[in-house]
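Visitor: Please see the structure below; I have some questions.
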Amino acid sequence: MSDGIYGYIRHPLQAGVLFVLIFGYYTYTVDRLIFLGVNILMIVVGVLMEEKRLCYLEKDYPLYMEKVKARFIPFLI
Amino acid sequence: MKKDVYSIRLTPFHRIMVITLIFTQYILALFSFVLFYNYFGFPIPFIPYPSLANARTTHTHYIRNILLYLFFWAQHIIMATLKYKLAWVTSCTYFALYDRYIYNIMSGACLWIMCAYLEPSYILIFSIPMWVSLLFMAVGIFFLIAGSISLGSVMMPIPFDKIVNDD
């Protein structure tokens, strides 16, 4: 599972959702910040849980994590 | 004794059901994503549901909105747990065939409910240039498309051509 964009980041779908949610509009109201806070927290927690589960189920996943270090942004985080 | 492998046979009834559910999930996903984008992104004309961008009130409903966000996430998390899936599969083997479609349909329905009942207020904190918003949104859409292409049919329990053709 290191073909295409998965060779650069481990969670492209979640990264895409985060980018679209955060930059979905150019004004930031109190409600939008709460919306972003809840959703970013849930996505990040979900990703961490998924990685833990994949490390348990797939013996190659820790090697993949070593090879592709970035979760959301290539070469950064 | 714990049963790890379940054998299921695709009867004509199950093929029709699966194809119906596949189309239902895509139609519902399309509608619910449009409603969701209308809520958090640029408002879409003629959609009668609220939007963060053009909320008219400063009256706040923070608790109600947070509960609706958590309702949506609770559905996602509970229906993705192995415990939930095993509980269903042990009582109904064919659940394995329908699990992914039921999950997607329930996600779409919950997203729809959330968008219909949210009540955002408009208290501006800061803003960024519109081109920055559009640029990073394009990056996000690229990630979504590239990720979906790389993933292929990994998320499908049985490939579509097998549902239609194979014995």
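Each chain in the structure tokens gets a letter, A, B, ..., in the order shown, and its residues are numbered from 1; ligands are numbered from 1 in order too.
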Go through chain A residue by residue and, counting only C-alpha atoms, keep those with an atom at most 9 Å from chain B; for each kept residue give the shortest atom pair and its distance in Å to one decimal, ordered by chain and increasing number, as CSV.
Guide:
residue,atom,partner,partner_atom,distance
A:Met1,CA,B:Leu151,CA,8.4
A:Ser2,CA,B:Ser150,CA,8.8
A:Asp3,CA,B:Ser150,CA,6.4
A:Gly4,CA,B:Ser150,CA,5.8
A:Ile5,CA,B:Ala146,CA,6.2
A:Tyr6,CA,B:Gly147,CA,7.2
A:His11,CA,B:Gly147,CA,8.0
A:Pro12,CA,B:Gly147,CA,5.3
A:Leu13,CA,B:Leu144,CA,4.9
A:Gln14,CA,B:Leu144,CA,8.0
A:Ala15,CA,B:Gly140,CA,6.8
A:Gly16,CA,B:Gly140,CA,3.8
A:Val17,CA,B:Gly140,CA,6.4
A:Leu18,CA,B:Gly140,CA,7.3
A:Phe19,CA,B:Gly140,CA,4.7
A:Val20,CA,B:Met137,CA,4.8
A:Leu21,CA,B:Phe40,CA,7.0
A:Ile22,CA,B:Met137,CA,8.3
A:Phe23,CA,B:Ser133,CA,4.7
A:Gly24,CA,B:Gly41,CA,4.4
A:Tyr25,CA,B:Gly41,CA,5.0
A:Tyr26,CA,B:Ile128,CA,5.2
A:Thr27,CA,B:Ser127,CA,4.2
A:Tyr28,CA,B:Phe126,CA,5.4
A:Thr29,CA,B:Leu124,CA,4.2
A:Val30,CA,B:Ile123,CA,5.8
A:Asp31,CA,B:Pro120,CA,6.0
A:Arg32,CA,B:Leu52,CA,6.5
A:Leu33,CA,B:Ile125,CA,8.9
A:Ile34,CA,B:Ile66,CA,7.8
A:Phe35,CA,B:Ile66,CA,7.6
A:Val38,CA,B:Tyr69,CA,7.3
A:Asn39,CA,B:Tyr69,CA,7.7
A:Met42,CA,B:Trp73,CA,7.4
A:Gly46,CA,B:Ile77,CA,8.1
Visitor: Can you spit out the residues from that selection as a PDB file, in the first residue's frame, using C-alpha atoms?
Guide:
ATOM      1  CA  MET A   1       0.000   0.000   0.000  1.00  0.00           C
ATOM      2  CA  SER A   2       2.621   2.550  -1.020  1.00  0.00           C
ATOM      3  CA  ASP A   3       1.384   3.284  -4.557  1.00  0.00           C
ATOM      4  CA  GLY A   4       0.601   6.785  -5.804  1.00  0.00           C
ATOM      5  CA  ILE A   5      -0.007   9.388  -3.148  1.00  0.00           C
ATOM      6  CA  TYR A   6       0.258   6.718  -0.410  1.00  0.00           C
ATOM      7  CA  HIS A  11      -3.648   9.345   5.121  1.00  0.00           C
ATOM      8  CA  PRO A  12      -4.441  11.283   1.920  1.00  0.00           C
ATOM      9  CA  LEU A  13      -8.227  11.022   2.308  1.00  0.00           C
ATOM     10  CA  GLN A  14      -8.183  12.414   5.847  1.00  0.00           C
ATOM     11  CA  ALA A  15      -5.655  15.079   4.762  1.00  0.00           C
ATOM     12  CA  GLY A  16      -7.977  16.075   1.922  1.00  0.00           C
ATOM     13  CA  VAL A  17     -10.956  16.325   4.277  1.00  0.00           C
ATOM     14  CA  LEU A  18      -8.909  18.438   6.728  1.00  0.00           C
ATOM     15  CA  PHE A  19      -7.779  20.861   3.992  1.00  0.00           C
ATOM     16  CA  VAL A  20     -11.297  21.207   2.595  1.00  0.00           C
ATOM     17  CA  LEU A  21     -12.847  21.716   6.049  1.00  0.00           C
ATOM     18  CA  ILE A  22     -10.241  24.231   7.264  1.00  0.00           C
ATOM     19  CA  PHE A  23     -10.131  26.268   4.044  1.00  0.00           C
ATOM     20  CA  GLY A  24     -13.755  25.727   2.999  1.00  0.00           C
ATOM     21  CA  TYR A  25     -14.510  29.440   3.412  1.00  0.00           C
ATOM     22  CA  TYR A  26     -12.480  32.568   4.071  1.00  0.00           C
ATOM     23  CA  THR A  27     -14.233  33.976   7.162  1.00  0.00           C
ATOM     24  CA  TYR A  28     -13.741  32.361  10.562  1.00  0.00           C
ATOM     25  CA  THR A  29     -16.597  32.815  13.018  1.00  0.00           C
ATOM     26  CA  VAL A  30     -16.889  31.410  16.550  1.00  0.00           C
ATOM     27  CA  ASP A  31     -19.176  28.663  15.225  1.00  0.00           C
ATOM     28  CA  ARG A  32     -16.740  27.766  12.439  1.00  0.00           C
ATOM     29  CA  LEU A  33     -13.850  27.491  14.908  1.00  0.00           C
ATOM     30  CA  ILE A  34     -15.916  25.180  17.144  1.00  0.00           C
ATOM     31  CA  PHE A  35     -16.893  23.155  14.068  1.00  0.00           C
ATOM     32  CA  VAL A  38     -14.474  19.161  17.015  1.00  0.00           C
ATOM     33  CA  ASN A  39     -13.897  17.761  13.525  1.00  0.00           C
ATOM     34  CA  MET A  42     -12.113  13.507  15.775  1.00  0.00           C
ATOM     35  CA  GLY A  46      -9.490   8.424  14.303  1.00  0.00           C
TER      36      GLY A  46
END
Visitor: Give me every alpha helix (DSSP H) residue in chain A, going by DSSP on the backbone, as a VMD selection string.
Guide: chain A and resid 12 to 22 30 to 57 61 to 67
Visitor: Rounded to one decimal in Å, what is the spacing between atom CA of A:Glu58 and atom CA of B:Ala80?
Guide: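 Atom CA of B:Ala80 lies 17.5 Å from atom CA of A:Glu58.
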Visitor: Between atom CA of A:Val47 and atom CA of B:Gly108, what distance in Å does the model show, to one decimal?
Guide: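 These two atoms are separated by 20.5 Å.
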Visitor: Suppose you want the space between atom CA of B:Gln75 and atom CA of B:Leu111; what is it in Å?
Guide: 10.0 Å
Visitor: With distances taken over only C-alpha atoms, which residue among B:Ile8, B:Gly152, B:Phe13, B:Ser32 lies nearest B:Cys92?
Guide: B:Ile8
Visitor: Skip B:Ile27 itself and residues of its chain fewer than 6 positions away, then list as a list in words all residues within 12 Å of it, counting only C-alpha atoms.
Guide: Thr20, Leu21, Phe33, Val34, Asn104, Ile105, Gly108 and Ala109 of chain B
